[in-house]
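Trainee: Input query_5.cif, format and content: mmCIF, C-alpha atoms and all ligand atoms; chains and numbers go by the auth columns.
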data_entry
#
loop_
_atom_site.group_PDB
_atom_site.id
_atom_site.type_symbol
_atom_site.label_atom_id
_atom_site.label_comp_id
_atom_site.label_asym_id
_atom_site.label_seq_id
_atom_site.Cartn_x
_atom_site.Cartn_y
_atom_site.Cartn_z
_atom_site.B_iso_or_equiv
_atom_site.auth_seq_id
_atom_site.auth_asym_id
ATOM 1 C CA MET A 1 198.531 75.216 15.012 0.00 1 Q
ATOM 2 C CA VAL A 2 199.036 78.912 15.682 0.00 2 Q
ATOM 3 C CA ILE A 3 199.244 79.992 19.318 0.00 3 Q
ATOM 4 C CA ILE A 4 198.655 83.631 20.067 0.00 4 Q
ATOM 5 C CA SER A 5 199.780 85.490 23.164 0.00 5 Q
ATOM 6 C CA LYS A 6 197.632 87.840 25.284 0.00 6 Q
ATOM 7 C CA ASP A 7 199.063 90.814 23.421 0.00 7 Q
ATOM 8 C CA ASN A 8 197.954 89.243 20.147 0.00 8 Q
ATOM 9 C CA ARG A 9 201.150 88.031 18.540 0.00 9 Q
ATOM 10 C CA ILE A 10 202.242 84.574 17.362 0.00 10 Q
ATOM 11 C CA ILE A 11 204.406 83.022 20.084 0.00 11 Q
ATOM 12 C CA ASN A 12 208.188 82.965 19.743 0.00 12 Q
ATOM 13 C CA ILE A 13 210.089 79.777 20.457 0.00 13 Q
ATOM 14 C CA GLY A 14 213.856 79.945 20.846 0.00 14 Q
ATOM 15 C CA VAL A 15 216.198 77.058 20.157 0.00 15 Q
ATOM 16 C CA LEU A 16 219.570 77.150 21.905 0.00 16 Q
ATOM 17 C CA ALA A 17 221.920 77.256 18.907 0.00 17 Q
ATOM 18 C CA LEU A 18 225.388 76.683 20.372 0.00 18 Q
ATOM 19 C CA GLN A 19 225.892 73.134 19.065 0.00 19 Q
ATOM 20 C CA GLY A 20 223.825 70.144 17.953 0.00 20 Q
ATOM 21 C CA ALA A 21 220.490 69.604 16.194 0.00 21 Q
ATOM 22 C CA PHE A 22 219.076 73.123 16.508 0.00 22 Q
ATOM 23 C CA ARG A 23 218.192 73.686 12.828 0.00 23 Q
ATOM 24 C CA GLU A 24 215.860 70.689 12.797 0.00 24 Q
ATOM 25 C CA HIS A 25 213.969 72.080 15.803 0.00 25 Q
ATOM 26 C CA ILE A 26 213.737 75.491 14.117 0.00 26 Q
ATOM 27 C CA ASN A 27 212.153 73.825 11.075 0.00 27 Q
ATOM 28 C CA SER A 28 209.765 71.789 13.244 0.00 28 Q
ATOM 29 C CA ILE A 29 208.596 74.885 15.135 0.00 29 Q
ATOM 30 C CA LYS A 30 208.062 76.805 11.882 0.00 30 Q
ATOM 31 C CA LYS A 31 206.045 73.924 10.450 0.00 31 Q
ATOM 32 C CA CYS A 32 203.802 74.106 13.524 0.00 32 Q
ATOM 33 C CA GLY A 33 203.123 77.780 12.758 0.00 33 Q
ATOM 34 C CA ALA A 34 205.075 79.503 15.555 0.00 34 Q
ATOM 35 C CA ASN A 35 208.032 81.871 15.186 0.00 35 Q
ATOM 36 C CA ALA A 36 211.405 80.182 15.682 0.00 36 Q
ATOM 37 C CA LEU A 37 214.601 81.959 16.725 0.00 37 Q
ATOM 38 C CA GLU A 38 218.171 80.671 16.992 0.00 38 Q
ATOM 39 C CA ILE A 39 219.427 81.632 20.451 0.00 39 Q
ATOM 40 C CA LYS A 40 223.153 82.370 20.440 0.00 40 Q
ATOM 41 C CA PHE A 41 223.364 85.006 23.185 0.00 41 Q
ATOM 42 C CA PRO A 42 221.708 85.055 26.628 0.00 42 Q
ATOM 43 C CA GLN A 43 220.058 88.461 26.058 0.00 43 Q
ATOM 44 C CA GLN A 44 217.906 86.861 23.342 0.00 44 Q
ATOM 45 C CA LEU A 45 216.066 84.861 26.026 0.00 45 Q
ATOM 46 C CA ASN A 46 214.068 88.033 26.733 0.00 46 Q
ATOM 47 C CA GLU A 47 212.466 87.789 23.285 0.00 47 Q
ATOM 48 C CA ILE A 48 211.024 84.279 23.574 0.00 48 Q
ATOM 49 C CA ASP A 49 208.040 82.542 25.150 0.00 49 Q
ATOM 50 C CA GLY A 50 209.556 79.048 25.263 0.00 50 Q
ATOM 51 C CA LEU A 51 212.998 77.496 24.830 0.00 51 Q
ATOM 52 C CA ILE A 52 214.195 74.220 23.304 0.00 52 Q
ATOM 53 C CA ILE A 53 217.615 72.877 24.300 0.00 53 Q
ATOM 54 C CA PRO A 54 218.516 70.474 21.467 0.00 54 Q
ATOM 55 C CA GLY A 55 220.396 67.208 21.233 0.00 55 Q
ATOM 56 C CA GLY A 56 224.093 67.236 20.503 0.00 56 Q
ATOM 57 C CA GLU A 57 226.964 66.729 22.907 0.00 57 Q
ATOM 58 C CA SER A 58 225.950 67.797 26.391 0.00 58 Q
ATOM 59 C CA THR A 59 229.534 68.377 27.587 0.00 59 Q
ATOM 60 C CA THR A 60 230.200 70.684 24.609 0.00 60 Q
ATOM 61 C CA ILE A 61 226.912 72.580 25.004 0.00 61 Q
ATOM 62 C CA ASN A 62 227.681 72.957 28.720 0.00 62 Q
ATOM 63 C CA LYS A 63 231.135 74.426 27.973 0.00 63 Q
ATOM 64 C CA LEU A 64 229.664 76.862 25.451 0.00 64 Q
ATOM 65 C CA MET A 65 226.896 77.845 27.889 0.00 65 Q
ATOM 66 C CA ASN A 66 229.586 78.728 30.416 0.00 66 Q
ATOM 67 C CA LYS A 67 231.654 80.565 27.826 0.00 67 Q
ATOM 68 C CA TYR A 68 228.725 82.742 26.748 0.00 68 Q
ATOM 69 C CA ASN A 69 227.504 83.229 30.304 0.00 69 Q
ATOM 70 C CA PHE A 70 224.110 81.581 29.784 0.00 70 Q
ATOM 71 C CA LYS A 71 223.519 79.989 33.155 0.00 71 Q
ATOM 72 C CA THR A 72 222.214 82.853 35.297 0.00 72 Q
ATOM 73 C CA HIS A 73 220.036 84.044 32.395 0.00 73 Q
ATOM 74 C CA LEU A 74 218.701 80.531 31.896 0.00 74 Q
ATOM 75 C CA ASP A 75 217.941 80.275 35.619 0.00 75 Q
ATOM 76 C CA ASP A 76 215.971 83.524 35.382 0.00 76 Q
ATOM 77 C CA PHE A 77 214.133 82.209 32.313 0.00 77 Q
ATOM 78 C CA TYR A 78 213.248 78.987 34.161 0.00 78 Q
ATOM 79 C CA LYS A 79 212.126 80.892 37.278 0.00 79 Q
ATOM 80 C CA SER A 80 209.897 83.141 35.142 0.00 80 Q
ATOM 81 C CA GLY A 81 207.810 80.007 34.452 0.00 81 Q
ATOM 82 C CA ARG A 82 208.218 80.024 30.687 0.00 82 Q
ATOM 83 C CA ALA A 83 208.325 76.600 29.040 0.00 83 Q
ATOM 84 C CA ILE A 84 211.551 74.674 28.441 0.00 84 Q
ATOM 85 C CA TYR A 85 211.991 71.478 26.391 0.00 85 Q
ATOM 86 C CA GLY A 86 215.238 69.468 26.463 0.00 86 Q
ATOM 87 C CA THR A 87 215.825 66.712 23.891 0.00 87 Q
ATOM 88 C CA CYS A 88 218.547 64.119 24.478 0.00 88 Q
ATOM 89 C CA ALA A 89 221.654 66.200 25.339 0.00 89 Q
ATOM 90 C CA GLY A 90 219.164 68.958 26.228 0.00 90 Q
ATOM 91 C CA LEU A 91 217.442 66.575 28.670 0.00 91 Q
ATOM 92 C CA ILE A 92 220.831 65.797 30.235 0.00 92 Q
ATOM 93 C CA LEU A 93 221.598 69.496 30.676 0.00 93 Q
ATOM 94 C CA ILE A 94 218.344 70.307 32.495 0.00 94 Q
ATOM 95 C CA ALA A 95 218.353 67.230 34.766 0.00 95 Q
ATOM 96 C CA ASN A 96 218.680 67.393 38.528 0.00 96 Q
ATOM 97 C CA LYS A 97 221.576 64.939 38.503 0.00 97 Q
ATOM 98 C CA ILE A 98 223.850 63.432 35.832 0.00 98 Q
ATOM 99 C CA ILE A 99 225.688 60.276 36.821 0.00 99 Q
ATOM 100 C CA ASN A 100 229.482 60.957 36.789 0.00 100 Q
ATOM 101 C CA GLU A 101 229.024 64.616 35.714 0.00 101 Q
ATOM 102 C CA ASP A 102 228.289 67.765 37.654 0.00 102 Q
ATOM 103 C CA PHE A 103 226.566 70.172 35.274 0.00 103 Q
ATOM 104 C CA GLY A 104 222.810 69.447 35.662 0.00 104 Q
ATOM 105 C CA LEU A 105 220.803 72.708 35.723 0.00 105 Q
ATOM 106 C CA ASN A 106 218.132 71.102 37.944 0.00 106 Q
ATOM 107 C CA TYR A 107 215.018 72.290 36.089 0.00 107 Q
ATOM 108 C CA ILE A 108 213.424 68.825 36.215 0.00 108 Q
ATOM 109 C CA ASP A 109 213.650 66.293 39.033 0.00 109 Q
ATOM 110 C CA ILE A 110 215.228 63.376 37.170 0.00 110 Q
ATOM 111 C CA ASP A 111 218.573 61.578 37.343 0.00 111 Q
ATOM 112 C CA VAL A 112 220.149 60.572 34.039 0.00 112 Q
ATOM 113 C CA GLU A 113 222.945 58.395 32.776 0.00 113 Q
ATOM 114 C CA ARG A 114 224.642 59.476 29.555 0.00 114 Q
ATOM 115 C CA ASN A 115 225.147 57.060 26.620 0.00 115 Q
ATOM 116 C CA ALA A 116 223.342 54.430 28.646 0.00 116 Q
ATOM 117 C CA TYR A 117 222.317 52.085 25.818 0.00 117 Q
ATOM 118 C CA GLY A 118 225.968 51.138 25.297 0.00 118 Q
ATOM 119 C CA ARG A 119 228.444 51.816 22.538 0.00 119 Q
ATOM 120 C CA GLN A 120 227.304 48.969 20.313 0.00 120 Q
ATOM 121 C CA ILE A 121 223.800 50.490 20.006 0.00 121 Q
ATOM 122 C CA ASP A 122 224.584 53.954 18.630 0.00 122 Q
ATOM 123 C CA SER A 123 221.110 54.698 17.381 0.00 123 Q
ATOM 124 C CA PHE A 124 217.743 52.995 16.976 0.00 124 Q
ATOM 125 C CA GLU A 125 214.062 53.720 16.399 0.00 125 Q
ATOM 126 C CA GLU A 126 211.011 52.581 18.313 0.00 126 Q
ATOM 127 C CA TYR A 127 207.289 53.167 17.839 0.00 127 Q
ATOM 128 C CA VAL A 128 206.070 54.478 21.187 0.00 128 Q
ATOM 129 C CA THR A 129 202.761 55.522 22.765 0.00 129 Q
ATOM 130 C CA LEU A 130 202.294 59.134 23.894 0.00 130 Q
ATOM 131 C CA SER A 131 200.069 59.466 26.960 0.00 131 Q
ATOM 132 C CA PHE A 132 198.446 62.643 25.580 0.00 132 Q
ATOM 133 C CA ASP A 133 197.577 61.207 22.145 0.00 133 Q
ATOM 134 C CA LYS A 134 197.125 57.465 21.810 0.00 134 Q
ATOM 135 C CA THR A 135 195.525 57.597 18.343 0.00 135 Q
ATOM 136 C CA GLN A 136 198.693 56.391 16.678 0.00 136 Q
ATOM 137 C CA LYS A 137 202.217 55.533 17.760 0.00 137 Q
ATOM 138 C CA PHE A 138 205.088 58.000 17.501 0.00 138 Q
ATOM 139 C CA LYS A 139 208.374 57.074 15.808 0.00 139 Q
ATOM 140 C CA ALA A 140 211.037 57.910 18.393 0.00 140 Q
ATOM 141 C CA VAL A 141 214.638 58.174 17.144 0.00 141 Q
ATOM 142 C CA PHE A 142 217.338 57.527 19.756 0.00 142 Q
ATOM 143 C CA ILE A 143 220.945 58.625 19.103 0.00 143 Q
ATOM 144 C CA ARG A 144 223.541 57.780 21.767 0.00 144 Q
ATOM 145 C CA ALA A 145 220.650 58.329 24.106 0.00 145 Q
ATOM 146 C CA PRO A 146 220.693 58.770 27.860 0.00 146 Q
ATOM 147 C CA LYS A 147 218.531 56.799 30.278 0.00 147 Q
ATOM 148 C CA ILE A 148 216.424 58.343 33.012 0.00 148 Q
ATOM 149 C CA THR A 149 217.382 56.411 36.149 0.00 149 Q
ATOM 150 C CA ARG A 150 215.077 58.197 38.630 0.00 150 Q
ATOM 151 C CA THR A 151 212.041 60.475 38.463 0.00 151 Q
ATOM 152 C CA GLY A 152 210.949 62.624 41.398 0.00 152 Q
ATOM 153 C CA PRO A 153 207.370 62.709 42.723 0.00 153 Q
ATOM 154 C CA GLY A 154 206.426 65.843 40.716 0.00 154 Q
ATOM 155 C CA VAL A 155 207.415 64.341 37.381 0.00 155 Q
ATOM 156 C CA ASP A 156 204.767 62.987 34.972 0.00 156 Q
ATOM 157 C CA ILE A 157 205.783 60.128 32.699 0.00 157 Q
ATOM 158 C CA LEU A 158 204.375 60.743 29.203 0.00 158 Q
ATOM 159 C CA SER A 159 206.011 57.802 27.421 0.00 159 Q
ATOM 160 C CA GLU A 160 208.118 54.742 28.160 0.00 160 Q
ATOM 161 C CA ILE A 161 209.372 51.673 26.320 0.00 161 Q
ATOM 162 C CA ASN A 162 210.545 48.381 27.800 0.00 162 Q
ATOM 163 C CA ASP A 163 210.625 49.883 31.301 0.00 163 Q
ATOM 164 C CA ASN A 164 212.709 52.848 30.101 0.00 164 Q
ATOM 165 C CA ILE A 165 211.150 56.249 30.750 0.00 165 Q
ATOM 166 C CA ILE A 166 211.655 58.366 27.628 0.00 166 Q
ATOM 167 C CA LEU A 167 209.373 61.438 27.825 0.00 167 Q
ATOM 168 C CA VAL A 168 208.683 63.364 31.036 0.00 168 Q
ATOM 169 C CA ARG A 169 207.158 66.627 32.191 0.00 169 Q
ATOM 170 C CA GLN A 170 207.329 68.615 35.406 0.00 170 Q
ATOM 171 C CA ASN A 171 205.219 71.792 35.395 0.00 171 Q
ATOM 172 C CA ASN A 172 206.511 73.868 32.451 0.00 172 Q
ATOM 173 C CA VAL A 173 209.516 71.664 31.703 0.00 173 Q
ATOM 174 C CA LEU A 174 209.388 68.858 29.125 0.00 174 Q
ATOM 175 C CA ALA A 175 212.223 66.415 28.369 0.00 175 Q
ATOM 176 C CA SER A 176 212.738 63.481 25.998 0.00 176 Q
ATOM 177 C CA THR A 177 215.620 61.046 25.614 0.00 177 Q
ATOM 178 C CA PHE A 178 214.890 60.900 21.844 0.00 178 Q
ATOM 179 C CA HIS A 179 214.802 63.314 18.885 0.00 179 Q
ATOM 180 C CA PRO A 180 211.272 64.221 17.683 0.00 180 Q
ATOM 181 C CA GLU A 181 212.668 66.956 15.411 0.00 181 Q
ATOM 182 C CA LEU A 182 214.096 64.352 13.015 0.00 182 Q
ATOM 183 C CA GLN A 183 210.767 63.314 11.566 0.00 183 Q
ATOM 184 C CA GLU A 184 207.495 64.639 10.181 0.00 184 Q
ATOM 185 C CA ASP A 185 205.152 63.814 13.081 0.00 185 Q
ATOM 186 C CA LYS A 186 204.923 67.111 14.967 0.00 186 Q
ATOM 187 C CA ARG A 187 202.732 66.044 17.912 0.00 187 Q
ATOM 188 C CA ILE A 188 205.418 66.549 20.551 0.00 188 Q
ATOM 189 C CA HIS A 189 206.357 70.005 19.237 0.00 189 Q
ATOM 190 C CA GLU A 190 202.653 70.917 19.180 0.00 190 Q
ATOM 191 C CA TYR A 191 202.297 69.687 22.756 0.00 191 Q
ATOM 192 C CA PHE A 192 205.255 71.888 23.739 0.00 192 Q
ATOM 193 C CA LEU A 193 203.787 74.902 21.925 0.00 193 Q
ATOM 194 C CA LYS A 194 200.576 74.509 23.932 0.00 194 Q
ATOM 195 C CA MET A 195 202.656 74.378 27.135 0.00 195 Q
ATOM 196 C CA ALA A 196 204.497 77.539 26.078 0.00 196 Q
ATOM 197 C CA GLY A 197 201.223 79.283 25.218 0.00 197 Q
ATOM 198 C CA ARG A 198 199.688 78.410 28.590 0.00 198 Q
ATOM 199 C CA SER A 199 202.786 79.559 30.466 0.00 199 Q
ATOM 200 C CA ILE A 200 202.514 83.118 29.133 0.00 200 Q
ATOM 201 C CA ASN A 201 198.729 83.558 28.847 0.00 201 Q
HETATM 202 N N1 LIG B . 225.445 61.278 23.960 0.00 301 B
HETATM 203 C C1 LIG B . 225.143 62.665 24.017 0.00 301 B
HETATM 204 C C2 LIG B . 225.523 63.273 25.350 0.00 301 B
HETATM 205 O O1 LIG B . 225.810 62.581 26.266 0.00 301 B
HETATM 206 C C3 LIG B . 223.672 62.928 23.738 0.00 301 B
HETATM 207 C C4 LIG B . 223.314 62.473 22.353 0.00 301 B
HETATM 208 C C5 LIG B . 222.251 63.249 21.677 0.00 301 B
HETATM 209 O O2 LIG B . 221.909 64.369 22.074 0.00 301 B
HETATM 210 N N2 LIG B . 221.742 62.687 20.618 0.00 301 B
HETATM 211 O O3 LIG B . 225.525 64.441 25.498 0.00 301 B
#
Could you express the structure from this file as structure tokens?
Mentor:
Amino acid sequence: MVIISKDNRIINIGVLALQGAFREHINSIKKCGANALEIKFPQQLNEIDGLIIPGGESTTINKLMNKYNFKTHLDDFYKSGRAIYGTCAGLILIANKIINEDFGLNYIDIDVERNAYGRQIDSFEEYVTLSFDKTQKFKAVFIRAPKITRTGPGVDILSEINDNIILVRQNNVLASTFHPELQEDKRIHEYFLKMAGRSIN
């Protein structure tokens, strides 16, 4: 699924590559037919049409974002209206509020609790329904996943399981508590690419 910009080029998706599962997202984006770039320095945000903040350890990614002076550049990127997708730790980082932490970037109006499924359940998989494509279920992989404890009025819920909200969108910001980059089904990455295409065209 190739998405072309107004000036006739294939869109560029950046993946924040400070720590965590960024290579898997790069591969997923390439498989969908878009250009994928590892973002290691804030200036690179100027080159991309959409940004993925991957899973990993949110406290570590936050420290590295501070160290490399990402935050004001990320705020500018968000305000420009280009699409952002946070998975797991990435979702935590872009939330309005993180319980017992103070580093939420506030790009999406949700509250989150880190590691909320408990220590004994480190990781699990569930087949879930996506609101935008109900033809078949999506295998969602959860790894020390957070829970979304509140969604604001502007937030659309795109998937939930057992009363847990797991995939949400507010305008050009998408967030999931699970890791779609760890498997072959690319429907969520394709959905994000369409968001990114619309945000620049
Ligand atoms: N437990 C991690 C955190 O709190 C998130 C885990 C993940 O991204 N898979 O940052």
Trainee: Please return, as a ChimeraX atom specification, all polymer residues that have at least one atom within 7 Å of the point (227.5, 59.3, 35.8); use all atoms listed in the file and the file's own coordinate frame.
Mentor: /Q:98-101,113-114
Trainee: Quick one: residues within 7 Å of Leu37 of chain Q, all atoms listed in the file, excluding same-chain residues fewer than 3 positions away - as a PDB file with C-alpha atoms, in the coordinates of the input?
Mentor:
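Once everything was written out, this is selection10.pdb:
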ATOM      1  CA  ILE Q  13     210.089  79.777  20.457  1.00  0.00           C
ATOM      2  CA  GLY Q  14     213.856  79.945  20.846  1.00  0.00           C
ATOM      3  CA  VAL Q  15     216.198  77.058  20.157  1.00  0.00           C
TER       4      VAL Q  15
END
Trainee: Written as an MDAnalysis selection string, what is the full residue list that the PyMOL selection byres (((not hetatm)) within 9 of (chain B and resi 301)) yields on the file shown?
Mentor: chainID Q and resid 20:21 54:61 87:93 113:116 123 142:146 177:179
Trainee: In Å, with one decimal, what is the gap from atom CA of Asp7 of chain Q to atom CA of Ile29 of chain Q?
Mentor: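 Computed distance, atom CA of Asp7 of chain Q to atom CA of Ile29 of chain Q, equals 20.3 Å.
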Trainee: For a test of reading the model, state the distance in Å between atom CA of Arg150 of chain Q and atom CA of Val112 of chain Q, rounded to one decimal.
Mentor: 7.2 Å
Trainee: Would you list the contacts of Leu130 of chain Q as a ChimeraX atom specification, taking every protein, DNA or RNA residue within 9 Å and counting all atoms listed in the file, but skipping same-chain residues closer than 3 positions in sequence?
Mentor: /Q:133-138,158-160,167,188
Trainee: Set up a box along x, y and z of the file covering all listed atoms of segment 173-180 of chain Q, add 8 Å on every one of the six sides, and write the centre and edge lengths in Å to one decimal, as JSON.
Mentor:
{"center_x": 212.5, "center_y": 66.3, "center_z": 24.7, "size_x": 22.2, "size_y": 26.8, "size_z": 30.0}
Trainee: Could you check the closest approach to Ile11 of chain Q for each of Q:Ala83, Q:Ile108, Q:Leu74, Q:Leu193 and tell me which residue wins, using only C-alpha atoms?
Mentor: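 Closest residue, counting only C-alpha atoms: Q:Leu193.
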Trainee: Which neighbours of Leu18 of chain Q fall inside 10 Å, counting all atoms listed in the file, when residues of the same chain fewer than 4 positions from it are skipped, and could you give them as a PyMOL selection string?
Mentor: chain Q and resi 22+38-41+53-54+56+60-65+68
Trainee: May I have the residues from that selection written out with C-alpha atoms, as a PDB file, in the frame of the given file?
Mentor:
ATOM      1  CA  PHE Q  22     219.076  73.123  16.508  1.00  0.00           C
ATOM      2  CA  GLU Q  38     218.171  80.671  16.992  1.00  0.00           C
ATOM      3  CA  ILE Q  39     219.427  81.632  20.451  1.00  0.00           C
ATOM      4  CA  LYS Q  40     223.153  82.370  20.440  1.00  0.00           C
ATOM      5  CA  PHE Q  41     223.364  85.006  23.185  1.00  0.00           C
ATOM      6  CA  ILE Q  53     217.615  72.877  24.300  1.00  0.00           C
ATOM      7  CA  PRO Q  54     218.516  70.474  21.467  1.00  0.00           C
ATOM      8  CA  GLY Q  56     224.093  67.236  20.503  1.00  0.00           C
ATOM      9  CA  THR Q  60     230.200  70.684  24.609  1.00  0.00           C
ATOM     10  CA  ILE Q  61     226.912  72.580  25.004  1.00  0.00           C
ATOM     11  CA  ASN Q  62     227.681  72.957  28.720  1.00  0.00           C
ATOM     12  CA  LYS Q  63     231.135  74.426  27.973  1.00  0.00           C
ATOM     13  CA  LEU Q  64     229.664  76.862  25.451  1.00  0.00           C
ATOM     14  CA  MET Q  65     226.896  77.845  27.889  1.00  0.00           C
ATOM     15  CA  TYR Q  68     228.725  82.742  26.748  1.00  0.00           C
TER      16      TYR Q  68
END
Trainee: Name the residues that the PyMOL selection byres (((chain Q and resi 200) around 8) and not hetatm) pulls out of this structure, and write them as a PyMOL selection string.
Mentor: chain Q and resi 5-6+49+82+196-199+201
Trainee: Between Q:Met195, Q:Thr129, Q:Thr149, Q:Lys71, which residue has the minimum interatomic distance to Phe103 of chain Q, considering all atoms listed in the file?
Mentor: Q:Lys71
Trainee: Restricting the calculation to all atoms listed in the file, which member of Q:Phe124, Q:Tyr78, Q:Tyr85, Q:Phe70 is positioned closest to Val168 of chain Q?
Mentor: Q:Tyr85
Trainee: Go ahead and compute the interatomic distance for atom CA of His25 of chain Q and atom CA of Phe132 of chain Q, in Å to one decimal.
Mentor: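 We find that atom CA of His25 of chain Q and atom CA of Phe132 of chain Q lie 20.6 Å from each other.
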Trainee: Could you check the closest approach to Ile110 of chain Q for each of Q:Asp185, Q:Asp163, Q:Asp156, Q:Glu190 and tell me which residue wins, using all atoms listed in the file?
Mentor: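 That would be Q:Asp156, the residue with the smallest distance to Ile110 of chain Q.
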Trainee: Please write as a list in words the full residue list that the PyMOL selection byres (((chain Q and resi 34) around 9) and not hetatm) yields on this file.
Mentor: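 That selection, the PyMOL selection byres (((chain Q and resi 34) around 9) and not hetatm), comes back as Met1, Val2, Ile3, Ile4, Ile10, Ile11, Asn12, Ile13, Ile29, Lys30, Lys31, Cys32, Gly33, Asn35, Ala36 and Leu193 of chain Q.
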Trainee: For the point (220.2, 66.4, 40.1) in the file's frame, write as a PyMOL selection string all residues with an atom no more than 7 Å away, counting only C-alpha atoms.
Mentor: chain Q and resi 95-98+104+106+109-111
Trainee: Within 8 Å of Leu182 of chain Q, counting all atoms listed in the file, which residues show up once you throw out same-chain ones fewer than 2 positions away? Write them as a PyMOL selection string, please.
Mentor: chain Q and resi 24+141+179-180+184
